[in-house]
Every structure is written in structure tokens, then in C-alpha cells.
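Asker: My structure is in entry02.cif, and what it holds is mmCIF, C-alpha atoms:
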```cif
data_model
#
loop_
_atom_site.label_atom_id
_atom_site.label_comp_id
_atom_site.auth_asym_id
_atom_site.auth_seq_id
_atom_site.Cartn_x
_atom_site.Cartn_y
_atom_site.Cartn_z
CA MET S 595 6.82 21.69 -11.15
CA ARG S 596 3.07 21.56 -11.28
CA ILE S 597 0.77 18.73 -10.28
CA ASP S 598 -0.39 16.90 -13.39
CA ARG S 599 -3.63 15.28 -12.24
CA ILE S 600 -5.36 13.23 -9.60
CA ILE S 601 -4.94 9.69 -10.84
CA VAL S 602 -7.20 7.60 -8.61
CA PRO S 603 -9.45 8.04 -5.58
CA ILE S 604 -7.47 7.07 -2.49
CA ALA S 605 -10.08 4.49 -1.50
CA LEU S 606 -9.32 2.59 -4.70
CA LEU S 607 -5.56 2.59 -4.20
CA GLY S 608 -5.48 -1.01 -3.01
CA MET S 609 -7.15 -2.10 -6.28
CA ALA S 610 -4.60 -0.45 -8.51
CA GLY S 611 -2.19 -3.36 -8.79
CA CYS S 612 1.41 -3.62 -7.59
CA LYS S 613 4.95 -2.87 -8.66
CA GLY S 614 6.88 -5.92 -9.66
CA CYS S 615 3.83 -8.11 -10.42
CA GLY S 616 5.28 -9.19 -13.74
CA GLY S 617 6.86 -7.07 -16.45
CA THR S 618 9.37 -4.26 -15.99
CA VAL S 619 9.63 -2.51 -12.64
CA ASN S 620 9.88 1.28 -12.93
CA LEU S 621 11.04 2.57 -9.56
CA GLY S 622 9.08 5.62 -8.54
CA GLN S 623 6.51 5.29 -11.32
CA GLY S 624 4.14 2.56 -10.13
CA PRO S 625 0.64 2.72 -8.67
CA GLU S 626 1.66 2.94 -5.00
CA PRO S 627 2.56 6.41 -3.72
CA ASP S 628 6.28 7.17 -3.75
CA ALA S 629 5.97 10.05 -1.28
CA ARG S 630 3.58 11.38 1.34
CA LEU S 631 2.97 14.98 2.46
CA THR S 632 1.02 15.19 5.72
CA ALA S 633 -0.32 18.24 7.55
CA ASP S 634 -1.28 17.42 11.14
CA VAL S 635 -3.34 19.77 13.31
CA TYR S 636 -3.58 18.68 16.96
CA THR S 637 -6.65 19.84 18.85
CA TRP S 638 -7.99 20.00 22.38
CA GLU S 639 -11.13 21.21 24.10
CA CYS S 640 -11.56 24.98 24.24
CA SER S 641 -14.39 27.18 25.49
CA ASP S 642 -15.45 30.75 24.80
CA ASN S 643 -17.76 30.65 27.82
CA ALA S 644 -18.90 28.19 30.45
CA GLU S 645 -21.24 26.32 28.09
CA ASN S 646 -19.84 26.65 24.57
CA PHE S 647 -17.01 24.16 23.89
CA TYR S 648 -15.16 23.61 20.62
CA GLU S 649 -11.92 22.17 19.25
CA GLY S 650 -9.00 24.59 19.29
CA VAL S 651 -5.41 24.06 18.14
CA PHE S 652 -2.46 23.32 20.40
CA GLY S 653 -0.01 21.92 17.84
CA PHE S 654 0.71 21.84 14.10
CA ASP S 655 3.36 19.95 12.13
CA ILE S 656 4.15 18.88 8.59
CA SER S 657 5.99 15.80 7.37
CA LEU S 658 7.30 14.72 3.97
CA GLU S 659 8.27 11.10 3.33
CA TYR S 660 9.97 9.74 0.23
CA ALA S 661 10.35 5.97 -0.18
CA PRO S 662 9.77 4.64 -3.71
CA ASP S 663 8.44 1.07 -3.43
CA GLY S 664 8.69 1.24 0.37
CA LEU S 665 6.37 3.88 1.75
CA GLN S 666 4.77 2.79 5.02
CA GLU S 667 1.15 1.67 4.49
CA ARG S 668 -1.38 3.85 6.28
CA ALA S 669 -4.71 2.66 4.84
CA LEU S 670 -7.38 2.26 7.50
CA PRO S 671 -8.49 -1.25 8.45
CA GLY S 672 -12.01 -2.59 8.09
CA GLY S 673 -12.43 -2.53 11.87
CA CYS S 674 -9.70 -2.42 14.53
CA VAL S 675 -6.11 -3.58 14.11
CA TYR S 676 -2.95 -3.68 16.21
CA GLY S 677 0.33 -2.20 14.99
CA LEU S 678 -0.77 0.24 12.28
CA SER S 679 1.56 3.23 12.11
CA MET S 680 -0.32 6.49 11.70
CA PHE S 681 2.63 8.83 12.27
CA ALA S 682 5.75 9.30 10.17
CA GLU S 683 8.03 9.31 13.22
CA ASP S 684 6.78 5.84 14.21
CA ALA S 685 7.33 4.23 10.83
CA GLY S 686 10.32 2.17 9.85
CA HIS S 687 11.83 4.15 7.00
CA ASP S 688 12.99 2.54 3.78
CA GLY S 689 13.44 6.02 2.42
CA GLU S 690 16.02 7.83 0.40
CA ASP S 691 16.87 11.48 0.01
CA LEU S 692 14.83 13.33 -2.58
CA PRO S 693 16.75 13.34 -5.89
CA GLY S 694 17.51 16.78 -7.21
CA LEU S 695 17.03 18.51 -3.86
CA THR S 696 19.44 21.43 -3.57
CA ALA S 697 18.09 22.90 -0.32
CA GLU S 698 15.66 21.99 2.43
CA PRO S 699 12.08 21.46 1.20
CA ARG S 700 9.78 24.34 2.04
CA TRP S 701 6.07 24.49 2.86
CA SER S 702 3.41 27.19 3.10
CA ALA S 703 -0.13 27.49 4.45
CA GLY S 704 -1.84 30.84 4.34
CA GLU S 705 0.52 33.35 5.92
CA MET S 706 2.67 30.64 7.50
CA GLY S 707 5.58 28.80 5.98
CA GLY S 708 9.04 27.42 6.57
CA ALA S 709 11.56 24.68 5.91
CA LEU S 710 11.24 20.95 6.41
CA GLY S 711 14.36 19.71 8.17
CA ARG S 712 15.94 16.38 7.25
CA GLU S 713 15.26 13.85 10.04
CA GLY S 714 16.72 10.89 8.15
CA PRO S 715 16.84 9.37 4.65
CA GLY S 716 13.55 10.24 2.96
CA TYR S 717 12.04 11.90 6.05
CA TYR S 718 11.62 15.67 6.36
CA TYR S 719 9.75 17.36 9.20
CA ALA S 720 8.67 20.78 10.43
CA GLU S 721 7.11 21.60 13.77
CA ALA S 722 5.22 24.75 12.85
CA PHE S 723 4.36 25.13 16.50
CA SER S 724 4.02 22.81 19.45
CA ASN S 725 1.91 23.11 22.59
CA VAL S 726 1.12 26.77 22.04
CA MET S 727 -2.13 26.03 23.87
CA SER S 728 -4.10 28.27 21.55
CA CYS S 729 -7.82 28.08 20.93
CA GLN S 730 -7.74 29.00 17.26
CA PRO S 731 -10.43 27.00 15.40
CA SER S 732 -8.75 24.07 13.70
CA ASP S 733 -10.12 24.66 10.20
CA GLU S 734 -8.80 28.23 10.11
CA LEU S 735 -5.19 27.16 10.53
CA VAL S 736 -4.66 25.09 7.38
CA GLU S 737 -7.20 27.02 5.27
CA GLU S 738 -7.01 25.50 1.76
CA GLY S 739 -4.23 23.04 2.55
CA VAL S 740 -0.46 22.94 2.98
CA SER S 741 1.58 23.47 -0.16
CA LEU S 742 5.04 22.08 -0.87
CA VAL S 743 6.52 25.19 -2.46
CA SER S 744 9.96 23.64 -2.88
CA GLY S 745 10.44 19.88 -2.94
CA ALA S 746 12.26 18.73 -6.08
CA ALA S 747 9.89 16.65 -8.27
CA PHE S 748 7.03 17.10 -5.78
CA THR S 749 7.05 20.89 -5.81
CA GLY S 750 3.46 22.11 -6.09
CA ALA S 751 1.83 19.26 -4.19
CA VAL S 752 -0.92 20.52 -1.87
CA THR S 753 -2.74 18.71 0.93
CA PRO S 754 -6.56 18.77 0.82
CA ALA S 755 -8.58 21.46 2.53
CA PRO S 756 -9.62 20.43 6.05
CA GLY S 757 -13.09 19.75 7.29
CA PHE S 758 -14.52 21.21 10.50
CA ILE S 759 -14.34 19.68 13.97
CA ASP S 760 -17.07 21.06 16.20
CA TRP S 761 -16.39 19.04 19.34
CA VAL S 762 -14.98 15.75 20.63
CA GLU S 763 -15.96 14.26 24.00
CA VAL S 764 -14.12 11.44 25.75
CA GLN S 765 -15.63 9.86 28.86
CA ASP S 766 -13.52 7.35 30.76
CA GLU S 767 -14.79 5.21 33.61
CA ASP S 768 -12.77 6.96 36.31
CA GLU S 769 -13.55 10.42 34.88
CA ASP S 770 -9.95 11.44 35.50
CA GLY S 771 -8.87 11.95 31.88
CA VAL S 772 -6.31 9.15 32.21
CA LEU S 773 -6.74 5.79 30.49
CA SER S 774 -5.81 2.43 31.97
CA VAL S 775 -5.76 -1.02 30.38
CA GLY S 776 -9.21 -2.59 30.27
CA GLU S 777 -11.07 0.63 31.00
CA THR S 778 -14.26 1.32 29.03
CA VAL S 779 -14.04 4.66 27.21
CA GLU S 780 -16.91 6.31 25.39
CA VAL S 781 -16.00 8.71 22.58
CA GLU S 782 -18.38 11.00 20.69
CA TRP S 783 -17.78 13.75 18.15
CA ASP S 784 -19.42 16.22 15.81
CA ALA S 785 -17.46 16.98 12.64
CA GLU S 786 -18.10 17.46 8.94
CA GLY S 787 -16.17 17.68 5.69
CA TRP S 788 -13.85 14.75 6.43
CA ASP S 789 -13.53 11.62 4.27
CA GLU S 790 -12.27 9.30 7.01
CA VAL S 791 -12.34 9.09 10.80
CA TRP S 792 -10.24 6.86 13.06
CA ILE S 793 -9.49 6.30 16.72
CA GLN S 794 -6.12 5.18 18.01
CA VAL S 795 -5.40 3.96 21.54
CA ARG S 796 -1.65 4.31 21.88
CA LYS S 797 0.79 3.34 24.61
CA GLU S 798 3.50 5.99 24.89
CA ARG S 799 6.80 6.48 26.64
CA ASP S 800 8.68 9.75 26.13
CA GLY S 801 6.21 10.42 23.33
CA GLU S 802 7.21 7.26 21.45
CA ASN S 803 4.86 4.49 20.39
CA TYR S 804 5.02 1.25 22.37
CA GLY S 805 1.93 -0.39 20.89
CA ALA S 806 -1.26 0.97 19.38
CA VAL S 807 -4.67 -0.19 18.23
CA THR S 808 -6.34 1.77 15.44
CA CYS S 809 -10.06 1.56 14.61
CA ASN S 810 -11.76 2.79 11.46
CA VAL S 811 -14.89 4.69 12.58
CA THR S 812 -15.65 6.47 9.31
CA GLY S 813 -19.33 7.36 9.03
CA GLU S 814 -19.93 7.11 12.79
CA ASP S 815 -20.35 9.80 15.43
CA GLY S 816 -19.30 7.70 18.40
CA PHE S 817 -17.28 4.68 19.49
CA VAL S 818 -16.71 2.65 22.65
CA VAL S 819 -13.24 1.44 23.56
CA ASP S 820 -13.92 -1.83 25.37
CA GLU S 821 -12.41 -5.27 25.93
CA ASP S 822 -12.52 -6.04 22.21
CA VAL S 823 -10.02 -3.22 21.68
CA TRP S 824 -7.83 -3.94 24.70
CA ASP S 825 -7.59 -7.62 23.77
CA LEU S 826 -5.80 -6.67 20.56
CA PHE S 827 -2.77 -5.27 22.41
CA GLN S 828 0.26 -7.52 22.39
CA GLY S 829 2.46 -7.88 25.46
CA ASN S 830 2.38 -5.98 28.73
CA VAL S 831 4.68 -3.01 28.21
CA ASN S 832 5.26 -0.53 31.03
CA VAL S 833 4.51 2.93 29.63
CA GLU S 834 4.09 6.45 30.96
CA VAL S 835 0.69 7.08 29.47
CA ILE S 836 -2.03 5.49 27.37
CA ASN S 837 -3.15 8.19 24.99
CA LEU S 838 -6.18 8.40 22.73
CA TYR S 839 -6.33 10.09 19.34
CA VAL S 840 -9.52 10.87 17.45
CA GLY S 841 -8.37 11.52 13.90
CA PHE S 842 -10.23 13.14 11.02
CA GLN S 843 -8.55 13.11 7.62
CA ASN S 844 -8.85 13.99 3.95
CA ARG S 845 -6.52 12.26 1.47
CA ASP S 846 -5.76 12.45 -2.23
CA LEU S 847 -3.28 10.73 -4.51
CA VAL S 848 -1.71 12.89 -7.21
CA GLU S 849 0.71 12.28 -10.02
CA MET S 850 3.53 14.67 -10.83
CA ASP S 851 4.84 15.51 -14.28
CA ASP S 852 7.59 12.86 -14.11
CA GLY S 853 5.15 10.05 -13.25
CA GLN S 854 5.92 9.85 -9.54
CA THR S 855 2.95 9.83 -7.18
CA ILE S 856 2.46 11.48 -3.82
CA GLU S 857 -0.23 10.95 -1.21
CA VAL S 858 -1.34 14.27 0.28
CA VAL S 859 -3.08 14.24 3.65
CA THR S 860 -4.65 16.82 5.96
CA ARG S 861 -5.61 15.63 9.44
CA GLY S 862 -7.24 17.10 12.51
CA MET S 863 -6.57 15.05 15.65
CA HIS S 864 -8.13 15.47 19.08
CA VAL S 865 -5.57 14.31 21.66
CA LEU S 866 -6.67 13.24 25.12
CA VAL S 867 -3.33 13.67 26.92
CA VAL S 868 -1.53 16.84 25.93
CA ALA S 869 2.14 16.84 27.02
CA ASP S 870 3.51 20.01 28.60
#
```
As C-alpha cells, please, write out the structure in this file.

Answerer:
Amino acid sequence: MRIDRIIVPIALLGMAGCKGCGGTVNLGQGPEPDARLTADVYTWECSDNAENFYEGVFGFDISLEYAPDGLQERALPGGCVYGLSMFAEDAGHDGEDLPGLTAEPRWSAGEMGGALGREGPGYYYAEAFSNVMSCQPSDELVEEGVSLVSGAAFTGAVTPAPGFIDWVEVQDEDEDGVLSVGETVEVEWDAEGWDEVWIQVRKERDGENYGAVTCNVTGEDGFVVDEDVWDLFQGNVNVEVINLYVGFQNRDLVEMDDGQTIEVVTRGMHVLVVAD
């Protein structure tokens, strides 16, 4: 099934109204997205010589979520906010299995492709590769976006083409590459071709989220994590690591032939602490 049209710029999604605000409710055919296809490229600092550093790829995964009237909100805040889920695996899922699906959904990007395994109702996931520790430039991996080549009503949905991430630099007070609560952290970057940029300071244990603060830094080329950010954390949870993500993303909202909508997202994310 082909994509019918882009129905509204993603920045205007919050102005589009709501399902159930009077009149008849048509499940799966309202203004909010019913599904989300996300292509995530994880990057780290690489060098082709002693002085030339750039962002290379160490991980790549794809997720598909389907939750009519219940998709987890991921719009960026006006400033910084505690508790925003930026990853499908962190979200509470009010999902349901894709109707009409006769086999696992499948994705493709350039010469790569594969199946999206079912992780739970309405949640499908593929780890294209993890911690390969490559230094392939991030924009070359996704090329023109990730396509859902088989996904019931959402077949044909494609994530946007990525921008380019030249470099990201994180300077912590102790200069040890490890963050601690209350520490001042200076972050700078050089990137182009991305609609939105965000920073997330995230407490993790076994890779799971135990509290995160996300800041919208779109239009900037630097940000300082200081006491204003740390003060937003709630509770004193003992975690293995405090990680930092610098995320660059392009998003679109598209409508399929049957009236259902899907948010398509391509992200490049510099990760401070890369797990072995």
C-alpha cells in the first residue's frame, strides 16, 4: 500500500485537534499518529588521523509502534522536562498487534534489510547491528531513509533522509567521560540538515531508564548541563551510569490510504557511554 500524502507538518501536530473532542470517534483515523516508525543511528567519536575527528556509527536499530489513540507522546518540550520517553523500549505500551499482519514486518535501507520481531502488543523491533564499533559516517548508513516494505496498512512508509553530524564534543568537569549528579557538562556540536536537536541526561541500570531529563536545543550549537537540569530529577535512584544523548532528528507525519497516520522518524544520536 502506498503512502497517500503528508497531511501536516509535525510541528503543527499539537494544533490539529483531538480524538473524542465531540462527535464520533473513529479509532485509527484521527489527527494523532496511530503508529510510529523510527530509525535510530547511534554514533561515537571516530578519527581518521590524530587531528580529524568525526561521528561514526556503532549501532543501528529500527522500531515500529502501533497504538491507535494511545501512542506515547514524543514531542519536544519548550525547554527541559523530566520524564519524557524518547525510546520505544522505555514507553508504556497501550498497543495492539497490527491488523492484517500475516508475517513479521520487514524493513529496508539501501542494501540492508530484515524483519522486525514482535516485542509485545503493538511493538516491533530490529537491531540491525549493535556495538559493531565501526566508523562509517552516520549519514551514509540510512541514505534516503528506512522503508517499511511489509507492514500491513503501513507498508510503504519511509523515514526521512538523515542530516549530517560532523562532530559532537562533551566536556565534563572531571574530564573522565563519566557523569555524576550535579556535575557541569558542556556540550557542543556541528551538524546540518536536521529539523530538531535534543539532549537527554539519562540514569541507566542494565540499559534501562531510571529517570531522564530531556532538553530541546533546536537551533543551538551548544548547551550546558548545570544545576537547572539536575534539579529536575526526581528521587535519588542508585544507577550504574548516568548517560548523555545528543539527538538529531527529522520527522514527518503521513497518512496511508485507509486514513491511518504514521509518524516517521530518522535520528542520529551521539552517546557518551557506549556499553560493551

Asker: Between S:Asp800, S:Asp768, S:Asp825, S:Asp733, which has the minimum distance to S:Phe654 (counting all atoms listed in the file)?

Answerer: S:Asp733

Asker: For each of S:Val740, S:Val651, S:Val865, S:Val859, take the minimum atom-to-atom distance to S:Arg668, counting only C-alpha atoms, then give the residue where this is smallest.

Answerer: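 Closest to S:Arg668 of all the choices is S:Val859.
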
Asker: From the list S:Pro756, S:Gly745, S:Ile656, S:Gly650, which residue is nearest S:Gly707 when using all atoms listed in the file?

Answerer: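 Nearest candidate to S:Gly707 out of S:Pro756, S:Gly745, S:Ile656, S:Gly650: S:Ile656.
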
Asker: Within 7 Å of S:Arg845, counting all atoms listed in the file, which residues show up once you throw out same-chain ones fewer than 3 positions away? Write them as a compact mmCIF listing (two decimals) with C-alpha atoms, in the frame of the given file, please.

Answerer:
```txt
# COMPACT_ATOMS: atom_id res chain seq x y z
CA ILE S 604 -7.47 7.07 -2.49
CA PRO S 754 -6.56 18.77 0.82
CA GLU S 857 -0.23 10.95 -1.21
CA VAL S 858 -1.34 14.27 0.28
CA VAL S 859 -3.08 14.24 3.65
CA THR S 860 -4.65 16.82 5.96
```

Asker: Translate the PyMOL selection byres ((chain S and resi 714) around 9) into a concrete residue list for this structure, as a count of residues only.

Answerer: 10

Asker: The PyMOL selection byres ((chain S and resi 652) around 9) - which residues does that actually catch in the file I just gave you? List them as a ChimeraX atom specification.

Answerer: /S:635-638,650-651,653-654,723-730,868

Asker: Of the candidates S:Val775, S:Glu649, S:Gln666, S:Gln854, which one gets nearest to S:Asp684 if we count all atoms listed in the file?

Answerer: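 Ranked by minimum distance to S:Asp684, first place goes to S:Gln666.
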
Asker: Which polymer residues have any atom within 10 Å of an atom of S:Met706, counting all atoms listed in the file, with same-chain residues fewer than 5 positions away left out, as a list in words?

Answerer: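 After dropping sequence-adjacent residues, the list is Trp701, Ala722, Leu735, Val736 and Val740 of chain S.
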
Asker: Would you output that residue set with C-alpha atoms, as a PDB file, in the coordinates of the input?

Answerer:
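Produced file result_0.pdb, reproduced below:
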```
ATOM      1  CA  TRP S 701       6.070  24.490   2.860  1.00  0.00           C
ATOM      2  CA  ALA S 722       5.220  24.750  12.850  1.00  0.00           C
ATOM      3  CA  LEU S 735      -5.190  27.160  10.530  1.00  0.00           C
ATOM      4  CA  VAL S 736      -4.660  25.090   7.380  1.00  0.00           C
ATOM      5  CA  VAL S 740      -0.460  22.940   2.980  1.00  0.00           C
TER       6      VAL S 740
END
```

Asker: May I ask you to restore all heavy atoms in stretch 838-849 of chain S and write the result as a PDB file, in the frame of the given file?

Answerer:
```pdb
ATOM      1  N   LEU S 838      -5.103   8.679  23.675  1.00  0.00           N
ATOM      2  CA  LEU S 838      -6.180   8.400  22.730  1.00  0.00           C
ATOM      3  C   LEU S 838      -6.246   9.527  21.719  1.00  0.00           C
ATOM      4  O   LEU S 838      -6.269  10.707  22.086  1.00  0.00           O
ATOM      5  CB  LEU S 838      -7.513   8.251  23.456  1.00  0.00           C
ATOM      6  CG  LEU S 838      -8.712   7.834  22.571  1.00  0.00           C
ATOM      7  CD1 LEU S 838      -9.611   6.879  23.328  1.00  0.00           C
ATOM      8  CD2 LEU S 838      -9.522   9.057  22.136  1.00  0.00           C
ATOM      9  N   TYR S 839      -6.235   9.144  20.437  1.00  0.00           N
ATOM     10  CA  TYR S 839      -6.330  10.090  19.340  1.00  0.00           C
ATOM     11  C   TYR S 839      -7.635   9.857  18.586  1.00  0.00           C
ATOM     12  O   TYR S 839      -7.972   8.716  18.272  1.00  0.00           O
ATOM     13  CB  TYR S 839      -5.159   9.923  18.367  1.00  0.00           C
ATOM     14  CG  TYR S 839      -3.803  10.241  18.959  1.00  0.00           C
ATOM     15  CD1 TYR S 839      -3.156   9.339  19.803  1.00  0.00           C
ATOM     16  CD2 TYR S 839      -3.171  11.448  18.684  1.00  0.00           C
ATOM     17  CE1 TYR S 839      -1.920   9.630  20.351  1.00  0.00           C
ATOM     18  CE2 TYR S 839      -1.931  11.742  19.227  1.00  0.00           C
ATOM     19  CZ  TYR S 839      -1.312  10.837  20.059  1.00  0.00           C
ATOM     20  OH  TYR S 839      -0.087  11.125  20.607  1.00  0.00           O
ATOM     21  N   VAL S 840      -8.352  10.929  18.312  1.00  0.00           N
ATOM     22  CA  VAL S 840      -9.520  10.870  17.450  1.00  0.00           C
ATOM     23  C   VAL S 840      -9.147  11.643  16.194  1.00  0.00           C
ATOM     24  O   VAL S 840      -9.030  12.868  16.224  1.00  0.00           O
ATOM     25  CB  VAL S 840     -10.773  11.468  18.118  1.00  0.00           C
ATOM     26  CG1 VAL S 840     -11.994  11.278  17.224  1.00  0.00           C
ATOM     27  CG2 VAL S 840     -11.010  10.843  19.488  1.00  0.00           C
ATOM     28  N   GLY S 841      -8.923  10.910  15.100  1.00  0.00           N
ATOM     29  CA  GLY S 841      -8.370  11.520  13.900  1.00  0.00           C
ATOM     30  C   GLY S 841      -9.398  11.670  12.790  1.00  0.00           C
ATOM     31  O   GLY S 841     -10.172  10.750  12.501  1.00  0.00           O
ATOM     32  N   PHE S 842      -9.377  12.838  12.173  1.00  0.00           N
ATOM     33  CA  PHE S 842     -10.230  13.140  11.020  1.00  0.00           C
ATOM     34  C   PHE S 842      -9.294  13.477   9.865  1.00  0.00           C
ATOM     35  O   PHE S 842      -8.372  14.281  10.027  1.00  0.00           O
ATOM     36  CB  PHE S 842     -11.149  14.329  11.319  1.00  0.00           C
ATOM     37  CG  PHE S 842     -11.965  14.165  12.573  1.00  0.00           C
ATOM     38  CD1 PHE S 842     -11.442  14.547  13.810  1.00  0.00           C
ATOM     39  CD2 PHE S 842     -13.245  13.633  12.533  1.00  0.00           C
ATOM     40  CE1 PHE S 842     -12.187  14.394  14.977  1.00  0.00           C
ATOM     41  CE2 PHE S 842     -13.992  13.477  13.695  1.00  0.00           C
ATOM     42  CZ  PHE S 842     -13.459  13.859  14.920  1.00  0.00           C
ATOM     43  N   GLN S 843      -9.512  12.888   8.686  1.00  0.00           N
ATOM     44  CA  GLN S 843      -8.550  13.110   7.620  1.00  0.00           C
ATOM     45  C   GLN S 843      -9.196  13.161   6.244  1.00  0.00           C
ATOM     46  O   GLN S 843     -10.208  12.514   5.977  1.00  0.00           O
ATOM     47  CB  GLN S 843      -7.474  12.040   7.641  1.00  0.00           C
ATOM     48  CG  GLN S 843      -7.954  10.629   7.365  1.00  0.00           C
ATOM     49  CD  GLN S 843      -6.842   9.599   7.539  1.00  0.00           C
ATOM     50  OE1 GLN S 843      -5.910   9.775   8.321  1.00  0.00           O
ATOM     51  NE2 GLN S 843      -6.935   8.504   6.794  1.00  0.00           N
ATOM     52  N   ASN S 844      -8.555  13.944   5.378  1.00  0.00           N
ATOM     53  CA  ASN S 844      -8.850  13.990   3.950  1.00  0.00           C
ATOM     54  C   ASN S 844      -7.576  13.621   3.210  1.00  0.00           C
ATOM     55  O   ASN S 844      -6.490  14.126   3.526  1.00  0.00           O
ATOM     56  CB  ASN S 844      -9.329  15.381   3.520  1.00  0.00           C
ATOM     57  CG  ASN S 844     -10.720  15.697   4.033  1.00  0.00           C
ATOM     58  OD1 ASN S 844     -11.528  14.802   4.272  1.00  0.00           O
ATOM     59  ND2 ASN S 844     -11.019  16.977   4.225  1.00  0.00           N
ATOM     60  N   ARG S 845      -7.686  12.734   2.207  1.00  0.00           N
ATOM     61  CA  ARG S 845      -6.520  12.260   1.470  1.00  0.00           C
ATOM     62  C   ARG S 845      -6.782  12.292  -0.024  1.00  0.00           C
ATOM     63  O   ARG S 845      -7.893  12.069  -0.483  1.00  0.00           O
ATOM     64  CB  ARG S 845      -6.171  10.808   1.867  1.00  0.00           C
ATOM     65  CG  ARG S 845      -5.850  10.595   3.330  1.00  0.00           C
ATOM     66  CD  ARG S 845      -5.321   9.184   3.550  1.00  0.00           C
ATOM     67  NE  ARG S 845      -6.331   8.160   3.278  1.00  0.00           N
ATOM     68  CZ  ARG S 845      -6.043   6.878   3.030  1.00  0.00           C
ATOM     69  NH1 ARG S 845      -4.787   6.481   2.954  1.00  0.00           N
ATOM     70  NH2 ARG S 845      -7.014   6.006   2.831  1.00  0.00           N
ATOM     71  N   ASP S 846      -5.731  12.561  -0.776  1.00  0.00           N
ATOM     72  CA  ASP S 846      -5.760  12.450  -2.230  1.00  0.00           C
ATOM     73  C   ASP S 846      -4.465  11.792  -2.689  1.00  0.00           C
ATOM     74  O   ASP S 846      -3.453  11.794  -1.969  1.00  0.00           O
ATOM     75  CB  ASP S 846      -5.886  13.825  -2.901  1.00  0.00           C
ATOM     76  CG  ASP S 846      -7.308  14.361  -2.896  1.00  0.00           C
ATOM     77  OD1 ASP S 846      -8.241  13.543  -2.975  1.00  0.00           O
ATOM     78  OD2 ASP S 846      -7.480  15.585  -2.794  1.00  0.00           O
ATOM     79  N   LEU S 847      -4.477  11.257  -3.867  1.00  0.00           N
ATOM     80  CA  LEU S 847      -3.280  10.730  -4.510  1.00  0.00           C
ATOM     81  C   LEU S 847      -3.107  11.484  -5.817  1.00  0.00           C
ATOM     82  O   LEU S 847      -4.020  11.532  -6.632  1.00  0.00           O
ATOM     83  CB  LEU S 847      -3.433   9.227  -4.781  1.00  0.00           C
ATOM     84  CG  LEU S 847      -2.212   8.526  -5.390  1.00  0.00           C
ATOM     85  CD1 LEU S 847      -1.066   8.504  -4.409  1.00  0.00           C
ATOM     86  CD2 LEU S 847      -2.578   7.108  -5.821  1.00  0.00           C
ATOM     87  N   VAL S 848      -1.937  12.081  -6.003  1.00  0.00           N
ATOM     88  CA  VAL S 848      -1.710  12.890  -7.210  1.00  0.00           C
ATOM     89  C   VAL S 848      -0.445  12.424  -7.916  1.00  0.00           C
ATOM     90  O   VAL S 848       0.462  11.854  -7.306  1.00  0.00           O
ATOM     91  CB  VAL S 848      -1.602  14.401  -6.867  1.00  0.00           C
ATOM     92  CG1 VAL S 848      -2.883  14.902  -6.237  1.00  0.00           C
ATOM     93  CG2 VAL S 848      -0.425  14.670  -5.942  1.00  0.00           C
ATOM     94  N   GLU S 849      -0.441  12.648  -9.194  1.00  0.00           N
ATOM     95  CA  GLU S 849       0.710  12.280 -10.020  1.00  0.00           C
ATOM     96  C   GLU S 849       1.409  13.541 -10.492  1.00  0.00           C
ATOM     97  O   GLU S 849       0.774  14.500 -10.951  1.00  0.00           O
ATOM     98  CB  GLU S 849       0.249  11.462 -11.231  1.00  0.00           C
ATOM     99  CG  GLU S 849       1.395  10.967 -12.102  1.00  0.00           C
ATOM    100  CD  GLU S 849       0.884  10.142 -13.269  1.00  0.00           C
ATOM    101  OE1 GLU S 849       0.611  10.740 -14.324  1.00  0.00           O
ATOM    102  OE2 GLU S 849       0.751   8.913 -13.107  1.00  0.00           O
TER     103      GLU S 849
END
```
